[in-house]
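Here's the structure we're looking at; comments come further down.
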Amino acid sequence: MNPPDRGLTKVAETIVPPREARTFEVAAGHFFRIVSIEGPQVGDLNLWNANDLSESFYSGKTRALHATHVSTGDRLWSTLPNLRPLATITHDTLDWYGWDEDGGGIHDVIGTRCDPYTQLLLSGTEYHHCCHSNLTRALAAHEGLSLRDAQRHVHDVLNVFMCTGFTRDTHQYFMKASPVRPGDFIEFFAEIDLLGALSACPGGDCSSTHSSDAAKCYPLKVEIYRPREGGSGRLAGAGKKPLFGRAWR
């Protein structure tokens, strides 16, 4: 599962507890990895320009420029009017999965995030260890914001390690058990200075329940790496396929 040696040095790591979120910072030109460490667990990722929270990850435009699911060589794009890459995926130990017989794939930019408002709409109950609430609390703590103000900056996510697709008959969004196992990871190159927040989803591997305390959940880990001075590790992964190659098949 290890990528080729590119002279990377780990400089920081953050453990994200189950049903919680944590923030992390990545300097431009560094790498970060989201790592499965104990069991099958999906994560909801938000990214912002570390110097301007108004510029954040734009999942819809990323989907339009690449595909419903992203992997090695794809980029995570920022909101208008900037529309520039925030990060490039340089390694993905789950890239072998491709598309399954149901049309499912890994790392989707389709789903939004579980949130208490939709939970209330659908079931009449609220749940505040959902990813929206987790990300809000983590950002508020990092930035010294109120929950109300932090919530305005929480946005649609990259569903890391999540296996999803659309049903062929009704074209509805579905989730199934993630194939992620301890040691799997997805690695990104930071194109600009980034602030990230990752929630360890209360759905666990998203094979059954969602937004509840019933699913078995595990922690995730974020690792930050500094490249070798003068190195070109970014190109080792990003050059595996042409930019936008998945969008026009």
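Letters A, B, ... mark the chains of the structure tokens in the order given; residue numbers begin at 1 per chain; ligand numbers begin at 1, in order shown.
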
Dump as CSV the rows for residues of segment 76-120 of chain A within 10 Å of segment 45-52 of chain A: closest atom pair and distance in Å with one decimal, only C-alpha atoms counted, ordered by chain and rising residue number.
residue,atom,partner,partner_atom,distance
A:Leu76,CA,A:Leu47,CA,9.0
A:Trp77,CA,A:Leu47,CA,9.8
A:Ser78,CA,A:Trp48,CA,8.2
A:Thr79,CA,A:Trp48,CA,9.6
A:Leu86,CA,A:Asn49,CA,7.7
A:Ala87,CA,A:Leu47,CA,9.0
A:Arg113,CA,A:Leu45,CA,9.4

Which residues are close to Val109 of chain A, i.e. within 7 Å by only C-alpha atoms, leaving aside same-chain residues fewer than 5 positions away? Reply as a PyMOL selection string.
chain A and resi 59+63+68-69+157-159

Store the residues of this selection in a file with C-alpha atoms, as a JSON list (two decimals), in the first residue's frame.
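File written: again-v1.json
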[["chain", "number", "residue", "atom", "x", "y", "z"],
["A", 59, "SER", "CA", -17.60, 19.65, -4.98],
["A", 63, "ARG", "CA", -17.62, 16.63, -10.27],
["A", 68, "THR", "CA", -18.78, 11.56, -9.75],
["A", 69, "HIS", "CA", -15.85, 9.90, -7.97],
["A", 157, "VAL", "CA", -17.72, 17.40, 0.98],
["A", 158, "LEU", "CA", -15.42, 14.87, -0.57],
["A", 159, "ASN", "CA", -16.74, 11.59, 0.82]]

Need to verify the contact set: Asn134 of chain A, 6 Å, only C-alpha atoms, exclusion of same-chain residues closer than 3 positions in sequence. Can you return it as a PyMOL selection string?
chain A and resi 20-21+129+131+137

So which one's closest to Arg6 of chain A, A:Pro227, A:Pro182, A:Gly144, A:Pro85? Using only C-alpha atoms, please.
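So, comparing all the options, the nearest one is A:Pro227.
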
Find the residues around segment 206-223 of chain A up to 6 Å (only C-alpha atoms counted), leave out those fewer than 5 positions away in its own chain, and share them as a compact mmCIF listing (two decimals) with C-alpha atoms, in the first residue's frame.
# COMPACT_ATOMS: atom_id res chain seq x y z
CA ALA A 12 2.46 16.27 11.84
CA GLU A 13 -0.50 13.97 12.35
CA THR A 14 -4.01 14.30 13.71
CA ILE A 15 -6.33 11.54 14.96
CA VAL A 16 -10.00 12.05 14.20
CA PRO A 17 -12.11 10.18 16.79
CA PRO A 18 -15.23 8.26 15.71
CA PHE A 32 -1.43 15.19 3.34
CA ARG A 33 -2.85 11.71 3.68
CA ILE A 34 -6.14 10.48 5.11
CA VAL A 35 -5.46 7.05 6.56
CA SER A 36 -7.66 4.17 7.73
CA GLY A 39 -11.42 -0.53 10.70
CA GLN A 41 -14.58 4.03 8.14
CA CYS A 130 -23.59 14.07 11.99
CA LYS A 176 -22.81 0.44 0.26
CA ALA A 177 -20.10 -0.95 2.50

With distances taken over only C-alpha atoms, which residue among A:Asp193, A:Gly60, A:Ala67, A:Cys163 lies nearest Asp100 of chain A?
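Using only C-alpha atoms, the shortest distance to Asp100 of chain A belongs to A:Cys163.
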
Computed interatomic separation between atom CA of Thr72 of chain A and atom CA of Thr90 of chain A (Å)
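Taking atom CA of Thr72 of chain A as the start and atom CA of Thr90 of chain A as the end point, the length is 5.3 Å.
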
Residue nearest Val154 of chain A among A:Thr62, A:Thr167, A:Ser71, A:Ser199 (counting only C-alpha atoms)
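Result for the nearest residue to Val154 of chain A: A:Ser199.
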
DSSP helix (DSSP H, G or I) residues within segment 35-227 of chain A, as a PDB file with N, CA, C and O atoms, in the first residue's frame:
ATOM      1  N   SER A  59     -17.410  21.043  -4.572  1.00  0.00           N
ATOM      2  CA  SER A  59     -17.597  19.650  -4.983  1.00  0.00           C
ATOM      3  C   SER A  59     -18.325  19.548  -6.316  1.00  0.00           C
ATOM      4  O   SER A  59     -18.008  18.683  -7.149  1.00  0.00           O
ATOM      5  N   GLY A  60     -19.312  20.420  -6.547  1.00  0.00           N
ATOM      6  CA  GLY A  60     -20.057  20.356  -7.795  1.00  0.00           C
ATOM      7  C   GLY A  60     -19.198  20.628  -9.009  1.00  0.00           C
ATOM      8  O   GLY A  60     -19.302  19.950 -10.035  1.00  0.00           O
ATOM      9  N   LYS A  61     -18.312  21.625  -8.920  1.00  0.00           N
ATOM     10  CA  LYS A  61     -17.448  21.921 -10.055  1.00  0.00           C
ATOM     11  C   LYS A  61     -16.393  20.837 -10.226  1.00  0.00           C
ATOM     12  O   LYS A  61     -16.015  20.496 -11.360  1.00  0.00           O
ATOM     13  N   THR A  62     -15.910  20.269  -9.118  1.00  0.00           N
ATOM     14  CA  THR A  62     -14.966  19.139  -9.198  1.00  0.00           C
ATOM     15  C   THR A  62     -15.618  17.966  -9.909  1.00  0.00           C
ATOM     16  O   THR A  62     -15.007  17.312 -10.761  1.00  0.00           O
ATOM     17  N   ARG A  63     -16.886  17.709  -9.603  1.00  0.00           N
ATOM     18  CA  ARG A  63     -17.625  16.633 -10.267  1.00  0.00           C
ATOM     19  C   ARG A  63     -17.774  16.929 -11.750  1.00  0.00           C
ATOM     20  O   ARG A  63     -17.630  16.034 -12.598  1.00  0.00           O
ATOM     21  N   ALA A  64     -18.052  18.170 -12.090  1.00  0.00           N
ATOM     22  CA  ALA A  64     -18.235  18.535 -13.497  1.00  0.00           C
ATOM     23  C   ALA A  64     -16.933  18.424 -14.285  1.00  0.00           C
ATOM     24  O   ALA A  64     -16.940  18.027 -15.457  1.00  0.00           O
ATOM     25  N   LEU A  65     -15.813  18.768 -13.670  1.00  0.00           N
ATOM     26  CA  LEU A  65     -14.529  18.739 -14.371  1.00  0.00           C
ATOM     27  C   LEU A  65     -13.893  17.354 -14.401  1.00  0.00           C
ATOM     28  O   LEU A  65     -13.079  17.074 -15.278  1.00  0.00           O
ATOM     29  N   PRO A 116     -28.275  17.765  10.608  1.00  0.00           N
ATOM     30  CA  PRO A 116     -29.457  17.668  11.478  1.00  0.00           C
ATOM     31  C   PRO A 116     -30.728  18.190  10.824  1.00  0.00           C
ATOM     32  O   PRO A 116     -31.835  17.779  11.195  1.00  0.00           O
ATOM     33  N   TYR A 117     -30.600  19.063   9.830  1.00  0.00           N
ATOM     34  CA  TYR A 117     -31.777  19.638   9.182  1.00  0.00           C
ATOM     35  C   TYR A 117     -32.494  18.589   8.319  1.00  0.00           C
ATOM     36  O   TYR A 117     -33.721  18.462   8.358  1.00  0.00           O
ATOM     37  N   THR A 118     -31.714  17.836   7.540  1.00  0.00           N
ATOM     38  CA  THR A 118     -32.315  16.772   6.731  1.00  0.00           C
ATOM     39  C   THR A 118     -32.847  15.663   7.623  1.00  0.00           C
ATOM     40  O   THR A 118     -33.914  15.091   7.351  1.00  0.00           O
ATOM     41  N   GLN A 119     -32.116  15.351   8.698  1.00  0.00           N
ATOM     42  CA  GLN A 119     -32.570  14.338   9.653  1.00  0.00           C
ATOM     43  C   GLN A 119     -33.928  14.730  10.233  1.00  0.00           C
ATOM     44  O   GLN A 119     -34.845  13.905  10.344  1.00  0.00           O
ATOM     45  N   LEU A 120     -34.077  16.003  10.576  1.00  0.00           N
ATOM     46  CA  LEU A 120     -35.352  16.481  11.128  1.00  0.00           C
ATOM     47  C   LEU A 120     -36.454  16.408  10.084  1.00  0.00           C
ATOM     48  O   LEU A 120     -37.583  16.006  10.386  1.00  0.00           O
ATOM     49  N   LEU A 121     -36.122  16.742   8.860  1.00  0.00           N
ATOM     50  CA  LEU A 121     -37.101  16.708   7.779  1.00  0.00           C
ATOM     51  C   LEU A 121     -37.603  15.291   7.520  1.00  0.00           C
ATOM     52  O   LEU A 121     -38.800  15.057   7.327  1.00  0.00           O
ATOM     53  N   LEU A 122     -36.681  14.326   7.514  1.00  0.00           N
ATOM     54  CA  LEU A 122     -37.036  12.957   7.132  1.00  0.00           C
ATOM     55  C   LEU A 122     -37.592  12.134   8.289  1.00  0.00           C
ATOM     56  O   LEU A 122     -38.439  11.262   8.077  1.00  0.00           O
ATOM     57  N   SER A 123     -37.102  12.394   9.513  1.00  0.00           N
ATOM     58  CA  SER A 123     -37.489  11.512  10.621  1.00  0.00           C
ATOM     59  C   SER A 123     -38.124  12.237  11.802  1.00  0.00           C
ATOM     60  O   SER A 123     -38.629  11.587  12.728  1.00  0.00           O
ATOM     61  N   CYS A 131     -22.019  14.683  10.252  1.00  0.00           N
ATOM     62  CA  CYS A 131     -20.801  15.314   9.744  1.00  0.00           C
ATOM     63  C   CYS A 131     -20.916  16.834   9.679  1.00  0.00           C
ATOM     64  O   CYS A 131     -19.946  17.546   9.934  1.00  0.00           O
ATOM     65  N   HIS A 132     -22.096  17.358   9.341  1.00  0.00           N
ATOM     66  CA  HIS A 132     -22.262  18.806   9.298  1.00  0.00           C
ATOM     67  C   HIS A 132     -21.979  19.413  10.669  1.00  0.00           C
ATOM     68  O   HIS A 132     -21.236  20.394  10.791  1.00  0.00           O
ATOM     69  N   SER A 133     -22.563  18.842  11.703  1.00  0.00           N
ATOM     70  CA  SER A 133     -22.361  19.371  13.053  1.00  0.00           C
ATOM     71  C   SER A 133     -20.929  19.167  13.514  1.00  0.00           C
ATOM     72  O   SER A 133     -20.338  20.047  14.158  1.00  0.00           O
ATOM     73  N   ASN A 134     -20.354  18.001  13.186  1.00  0.00           N
ATOM     74  CA  ASN A 134     -18.954  17.745  13.553  1.00  0.00           C
ATOM     75  C   ASN A 134     -18.019  18.773  12.930  1.00  0.00           C
ATOM     76  O   ASN A 134     -17.136  19.331  13.589  1.00  0.00           O
ATOM     77  N   LEU A 135     -18.186  19.005  11.628  1.00  0.00           N
ATOM     78  CA  LEU A 135     -17.334  19.958  10.911  1.00  0.00           C
ATOM     79  C   LEU A 135     -17.535  21.378  11.451  1.00  0.00           C
ATOM     80  O   LEU A 135     -16.577  22.147  11.580  1.00  0.00           O
ATOM     81  N   THR A 136     -18.776  21.723  11.771  1.00  0.00           N
ATOM     82  CA  THR A 136     -19.066  23.048  12.318  1.00  0.00           C
ATOM     83  C   THR A 136     -18.345  23.266  13.645  1.00  0.00           C
ATOM     84  O   THR A 136     -17.700  24.305  13.863  1.00  0.00           O
ATOM     85  N   ARG A 137     -18.442  22.294  14.546  1.00  0.00           N
ATOM     86  CA  ARG A 137     -17.779  22.432  15.848  1.00  0.00           C
ATOM     87  C   ARG A 137     -16.263  22.527  15.691  1.00  0.00           C
ATOM     88  O   ARG A 137     -15.605  23.326  16.372  1.00  0.00           O
ATOM     89  N   ALA A 138     -15.701  21.701  14.797  1.00  0.00           N
ATOM     90  CA  ALA A 138     -14.251  21.707  14.612  1.00  0.00           C
ATOM     91  C   ALA A 138     -13.771  23.040  14.053  1.00  0.00           C
ATOM     92  O   ALA A 138     -12.761  23.598  14.517  1.00  0.00           O
ATOM     93  N   LEU A 139     -14.476  23.570  13.060  1.00  0.00           N
ATOM     94  CA  LEU A 139     -14.086  24.850  12.471  1.00  0.00           C
ATOM     95  C   LEU A 139     -14.263  25.984  13.479  1.00  0.00           C
ATOM     96  O   LEU A 139     -13.414  26.880  13.581  1.00  0.00           O
ATOM     97  N   ALA A 140     -15.363  25.965  14.225  1.00  0.00           N
ATOM     98  CA  ALA A 140     -15.599  27.000  15.226  1.00  0.00           C
ATOM     99  C   ALA A 140     -14.479  27.035  16.251  1.00  0.00           C
ATOM    100  O   ALA A 140     -13.994  28.111  16.626  1.00  0.00           O
ATOM    101  N   ALA A 141     -14.046  25.852  16.717  1.00  0.00           N
ATOM    102  CA  ALA A 141     -12.983  25.790  17.710  1.00  0.00           C
ATOM    103  C   ALA A 141     -11.665  26.295  17.143  1.00  0.00           C
ATOM    104  O   ALA A 141     -10.915  27.012  17.814  1.00  0.00           O
ATOM    105  N   HIS A 142     -11.374  25.944  15.889  1.00  0.00           N
ATOM    106  CA  HIS A 142     -10.111  26.359  15.272  1.00  0.00           C
ATOM    107  C   HIS A 142     -10.063  27.857  15.022  1.00  0.00           C
ATOM    108  O   HIS A 142      -9.021  28.502  15.248  1.00  0.00           O
ATOM    109  N   GLU A 143     -11.165  28.424  14.555  1.00  0.00           N
ATOM    110  CA  GLU A 143     -11.193  29.823  14.133  1.00  0.00           C
ATOM    111  C   GLU A 143     -11.692  30.769  15.214  1.00  0.00           C
ATOM    112  O   GLU A 143     -11.659  31.988  15.031  1.00  0.00           O
ATOM    113  N   LEU A 147     -20.841  28.932  16.631  1.00  0.00           N
ATOM    114  CA  LEU A 147     -21.324  27.826  15.801  1.00  0.00           C
ATOM    115  C   LEU A 147     -22.134  28.343  14.619  1.00  0.00           C
ATOM    116  O   LEU A 147     -22.038  27.813  13.506  1.00  0.00           O
ATOM    117  N   ARG A 148     -22.917  29.387  14.833  1.00  0.00           N
ATOM    118  CA  ARG A 148     -23.718  29.957  13.744  1.00  0.00           C
ATOM    119  C   ARG A 148     -22.822  30.494  12.633  1.00  0.00           C
ATOM    120  O   ARG A 148     -23.055  30.259  11.446  1.00  0.00           O
ATOM    121  N   ASP A 149     -21.760  31.214  13.011  1.00  0.00           N
ATOM    122  CA  ASP A 149     -20.873  31.783  11.997  1.00  0.00           C
ATOM    123  C   ASP A 149     -20.031  30.702  11.319  1.00  0.00           C
ATOM    124  O   ASP A 149     -19.795  30.760  10.105  1.00  0.00           O
ATOM    125  N   ALA A 150     -19.579  29.724  12.084  1.00  0.00           N
ATOM    126  CA  ALA A 150     -18.779  28.641  11.500  1.00  0.00           C
ATOM    127  C   ALA A 150     -19.593  27.829  10.513  1.00  0.00           C
ATOM    128  O   ALA A 150     -19.095  27.414   9.457  1.00  0.00           O
ATOM    129  N   GLN A 151     -20.860  27.618  10.835  1.00  0.00           N
ATOM    130  CA  GLN A 151     -21.726  26.797   9.994  1.00  0.00           C
ATOM    131  C   GLN A 151     -21.840  27.344   8.583  1.00  0.00           C
ATOM    132  O   GLN A 151     -21.988  26.584   7.624  1.00  0.00           O
TER     133      GLN A 151
END

Identify, on the basis of only C-alpha atoms, every residue whose closest approach to Lys10 of chain A does not exceed 8 Å; exclude the query and any residue fewer than 5 positions from it along the same chain; express the result as a PyMOL selection string.
chain A and resi 223-226

Mind giving me the straight-line distance from atom CA of Ser56 of chain A to atom CA of Ile89 of chain A in Å, one decimal?
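Straight-line distance from atom CA of Ser56 of chain A to atom CA of Ile89 of chain A works out to 16.6 Å.
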
Go through segment 15-99 of chain A and collect every residue that DSSP, computed from the backbone, puts in strand (DSSP E or B); the answer should be as a CSV table (one decimal) with C-alpha atoms, in the first residue's frame.
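What landed in out35.csv:
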chain,number,residue,atom,x,y,z
A,15,ILE,CA,-6.3,11.5,15.0
A,16,VAL,CA,-10.0,12.1,14.2
A,21,ALA,CA,-14.2,16.0,13.4
A,22,ARG,CA,-10.8,17.6,13.7
A,23,THR,CA,-9.0,20.4,11.7
A,24,PHE,CA,-5.5,20.4,10.2
A,25,GLU,CA,-3.3,22.8,8.3
A,26,VAL,CA,-1.2,22.0,5.3
A,31,PHE,CA,1.3,16.5,1.1
A,32,PHE,CA,-1.4,15.2,3.3
A,33,ARG,CA,-2.9,11.7,3.7
A,34,ILE,CA,-6.1,10.5,5.1
A,35,VAL,CA,-5.5,7.0,6.6
A,36,SER,CA,-7.7,4.2,7.7
A,43,GLY,CA,-14.8,10.5,6.3
A,44,ASP,CA,-16.3,13.8,5.1
A,45,LEU,CA,-13.6,16.3,4.0
A,46,ASN,CA,-13.9,20.1,3.9
A,47,LEU,CA,-11.0,22.3,2.6
A,48,TRP,CA,-10.5,26.1,2.7
A,49,ASN,CA,-7.9,28.6,1.7
A,52,ASP,CA,-9.5,33.2,3.3
A,53,LEU,CA,-12.4,31.0,4.4
A,54,SER,CA,-14.6,32.4,1.6
A,55,GLU,CA,-12.6,30.3,-0.9
A,56,SER,CA,-13.4,26.6,-0.3
A,57,PHE,CA,-13.7,23.3,-2.0
A,69,HIS,CA,-15.8,9.9,-8.0
A,75,ARG,CA,-7.9,17.8,-8.5
A,76,LEU,CA,-10.2,19.4,-5.9
A,77,TRP,CA,-11.3,22.8,-7.2
A,78,SER,CA,-12.2,25.9,-5.3
A,85,PRO,CA,-7.0,23.6,-7.7
A,86,LEU,CA,-6.8,23.4,-3.9
A,87,ALA,CA,-5.2,20.0,-3.9
A,88,THR,CA,-4.3,17.2,-6.4
A,89,ILE,CA,-4.7,13.5,-5.5
A,90,THR,CA,-1.3,11.9,-5.8
A,91,HIS,CA,-1.9,8.4,-4.5
A,92,ASP,CA,-4.9,6.3,-3.7

May I ask for the distance between atom CA of Cys114 of chain A and atom CA of Thr164 of chain A, given in Å to one decimal place?
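Answer for the atom CA of Cys114 of chain A to atom CA of Thr164 of chain A separation: 14.3 Å.
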